[in-house]
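J.: Okay, here's the structure, questions in a sec.
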Amino acid sequence: MKSAVSILLMIVVMQMGQILAACKKDNGLSEDLLDFLCKSRKQNTEIEGLTRTTRPAFTASLTNKKTLAAKEIIKFDKVWLNTGDIYDPSTGIFTVPINGLYLVSSSMMSDSGKHLHCHLWRNDQSNVGVFSTGYSQGSLNTVMDLKKGEHLTIRHHNGAVENAYGVHWSMFSAFLISE
């Protein structure tokens with residue numbers, strides 16, 4: 001039960017961080033939220049030799065509106081935090097650097113009066129999805145046991161052409177919870 005509450009707290013903090021990051025153009029904000037998360041769990045900021053500055057974590061957002069084709073990988077081009085250089089904004093791929101339990105999160109906003117269907121992909125397999133409609137923001141949050149070298153992406157669904165709203169309302173994040 002205690003671990004479920006901790007995970008729920010992490011999800012809430014991650015969502016708050018995404019919203020605040022969209023409103024503030026300060027890279028220090030994401031780092032402050034990561035520090036807060038570690039302190040809120042009453043844990044040392046070090047996990048088996050990984051410190052706050054070396055623990056794998058990233059947050060990236062979409063700068064401009066993007067028209068998406070079927071199964072297109074979304075390339076979140078504004079990187080707010082990228083500890084360990086684990087997210088590549090030119091490809092939209094998060095490469096898992098070490099085995100462990102990760103919190104993965106994405107928020108996607110649709111264009112005015114339109115639908116948006118996206119999924120988290122693990123390697124070549126579709127996972128959990130996110131849906132939004134008419135400037136609403138859908139979100140996904142999942143805890144995953146990931147292996148070094150695996151790839152995670154957010155991809156448009158296999159349906160019709162749709163638009164993802166930018167201006168930092170659409171985001172993708174992940175961080176290592178524990179090894």
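Just so we're on the same page: first chain in the structure tokens is A, next is B, and so on; residues restart at 1 for each chain, and ligands are numbered from 1 in the order they show up.
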Per residue of stretch 121-157 of chain A within 9 Å of stretch 68-91 of chain A, note the shortest atom pair and the distance in Å to one decimal, counting only C-alpha atoms, and order the rows by chain and increasing residue number, as CSV.

T.:
residue,atom,partner,partner_atom,distance
A:Thr153,CA,A:Ile73,CA,6.5
A:Ile154,CA,A:Ile74,CA,5.8
A:Arg155,CA,A:Ile73,CA,4.3
A:His156,CA,A:Lys71,CA,4.8
A:His157,CA,A:Lys71,CA,5.4

J.: If you keep all heavy atoms, can you produce a file of those selected residues as a PDB file, in the first residue's frame?

T.:
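This is the output file part_34.pdb:
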ATOM      1  N   THR A 153       8.648   5.257 -27.416  1.00  0.00           N
ATOM      2  CA  THR A 153       8.240   6.397 -28.233  1.00  0.00           C
ATOM      3  C   THR A 153       6.755   6.650 -28.001  1.00  0.00           C
ATOM      4  O   THR A 153       6.021   5.766 -27.553  1.00  0.00           O
ATOM      5  CB  THR A 153       8.445   6.126 -29.743  1.00  0.00           C
ATOM      6  OG1 THR A 153       7.735   4.932 -30.100  1.00  0.00           O
ATOM      7  CG2 THR A 153       9.915   5.982 -30.088  1.00  0.00           C
ATOM      8  N   ILE A 154       6.327   7.850 -28.327  1.00  0.00           N
ATOM      9  CA  ILE A 154       4.905   8.176 -28.404  1.00  0.00           C
ATOM     10  C   ILE A 154       4.599   8.266 -29.896  1.00  0.00           C
ATOM     11  O   ILE A 154       5.273   9.000 -30.627  1.00  0.00           O
ATOM     12  CB  ILE A 154       4.569   9.512 -27.703  1.00  0.00           C
ATOM     13  CG1 ILE A 154       4.988   9.487 -26.229  1.00  0.00           C
ATOM     14  CG2 ILE A 154       3.081   9.832 -27.851  1.00  0.00           C
ATOM     15  CD1 ILE A 154       4.256   8.482 -25.357  1.00  0.00           C
ATOM     16  N   ARG A 155       3.614   7.483 -30.334  1.00  0.00           N
ATOM     17  CA  ARG A 155       3.277   7.447 -31.757  1.00  0.00           C
ATOM     18  C   ARG A 155       1.792   7.734 -31.962  1.00  0.00           C
ATOM     19  O   ARG A 155       0.960   7.374 -31.129  1.00  0.00           O
ATOM     20  CB  ARG A 155       3.572   6.072 -32.358  1.00  0.00           C
ATOM     21  CG  ARG A 155       5.025   5.703 -32.318  1.00  0.00           C
ATOM     22  CD  ARG A 155       5.261   4.390 -33.027  1.00  0.00           C
ATOM     23  NE  ARG A 155       6.606   3.885 -32.731  1.00  0.00           N
ATOM     24  CZ  ARG A 155       7.127   2.815 -33.296  1.00  0.00           C
ATOM     25  NH1 ARG A 155       6.450   2.131 -34.196  1.00  0.00           N
ATOM     26  NH2 ARG A 155       8.332   2.417 -32.974  1.00  0.00           N
ATOM     27  N   HIS A 156       1.544   8.355 -33.093  1.00  0.00           N
ATOM     28  CA  HIS A 156       0.164   8.569 -33.496  1.00  0.00           C
ATOM     29  C   HIS A 156      -0.483   7.216 -33.769  1.00  0.00           C
ATOM     30  O   HIS A 156       0.181   6.276 -34.202  1.00  0.00           O
ATOM     31  CB  HIS A 156       0.138   9.446 -34.755  1.00  0.00           C
ATOM     32  CG  HIS A 156      -1.235   9.763 -35.217  1.00  0.00           C
ATOM     33  ND1 HIS A 156      -1.681   9.404 -36.455  1.00  0.00           N
ATOM     34  CD2 HIS A 156      -2.273  10.371 -34.604  1.00  0.00           C
ATOM     35  CE1 HIS A 156      -2.932   9.797 -36.609  1.00  0.00           C
ATOM     36  NE2 HIS A 156      -3.309  10.387 -35.498  1.00  0.00           N
ATOM     37  N   HIS A 157      -1.770   7.132 -33.520  1.00  0.00           N
ATOM     38  CA  HIS A 157      -2.525   5.897 -33.755  1.00  0.00           C
ATOM     39  C   HIS A 157      -2.594   5.595 -35.251  1.00  0.00           C
ATOM     40  O   HIS A 157      -2.273   6.426 -36.082  1.00  0.00           O
ATOM     41  CB  HIS A 157      -3.930   6.047 -33.165  1.00  0.00           C
ATOM     42  CG  HIS A 157      -4.762   4.823 -33.214  1.00  0.00           C
ATOM     43  ND1 HIS A 157      -4.492   3.715 -32.457  1.00  0.00           N
ATOM     44  CD2 HIS A 157      -5.862   4.528 -33.938  1.00  0.00           C
ATOM     45  CE1 HIS A 157      -5.404   2.794 -32.702  1.00  0.00           C
ATOM     46  NE2 HIS A 157      -6.248   3.268 -33.596  1.00  0.00           N
TER      47      HIS A 157
END

J.: Have a look at atom CA of A:Phe175 and atom CA of A:Ser106 and let me know their distance in Å, one decimal.

T.: 12.2 Å

J.: Between A:Val104, A:Leu120, A:Leu140, A:Leu62, which one has atoms that come closest to A:Trp169, using only C-alpha atoms?

T.: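 Among the listed residues, A:Leu62 lies closest to A:Trp169.
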
J.: Using only C-alpha atoms, can you tell me which of A:Leu103, A:Tyr135, A:Asn127, A:Ile98 comes closest to A:His115?

T.: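 Counting only C-alpha atoms, the residue closest to A:His115 is A:Tyr135.
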
J.: My list of candidates is A:Ser178, A:Ser110, A:Asn163, A:Thr63. Which is closest to A:Asp145 when distances are computed with only C-alpha atoms?

T.: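 So, comparing all the options, the nearest one is A:Ser178.
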
J.: Mind giving me the straight-line distance from atom CA of A:Tyr165 to atom CA of A:Gly113 in Å, one decimal?

T.: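 Separating atom CA of A:Tyr165 from atom CA of A:Gly113 is a distance of 11.6 Å.
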
J.: Find the nearest atom pair between each residue of stretch 52-138 of chain A and stretch 146-152 of chain A for residues within 7 Å, count only C-alpha atoms, give distances in Å to one decimal, sort rows by chain and ascending number, and present the table as CSV.

T.:
residue,atom,partner,partner_atom,distance
A:Ile93,CA,A:Leu152,CA,5.9
A:Phe94,CA,A:Leu152,CA,5.1
A:Thr95,CA,A:His151,CA,4.7
A:Val96,CA,A:Lys148,CA,5.0
A:Pro97,CA,A:Lys148,CA,5.1
A:Ile98,CA,A:Lys148,CA,4.5
A:Asn99,CA,A:Lys147,CA,4.3
A:Gly100,CA,A:Leu146,CA,5.6
A:Leu101,CA,A:Leu146,CA,6.2
A:Tyr102,CA,A:Leu146,CA,6.9
A:Leu120,CA,A:Leu152,CA,6.9
A:Trp121,CA,A:Leu152,CA,5.5
A:Arg122,CA,A:Leu152,CA,4.8
A:Asn123,CA,A:His151,CA,5.0

J.: Quick one, how far is atom CA of A:Lys65 from atom CA of A:Val143?

T.: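 If I compute the distance from atom CA of A:Lys65 to atom CA of A:Val143, I get 28.1 Å.
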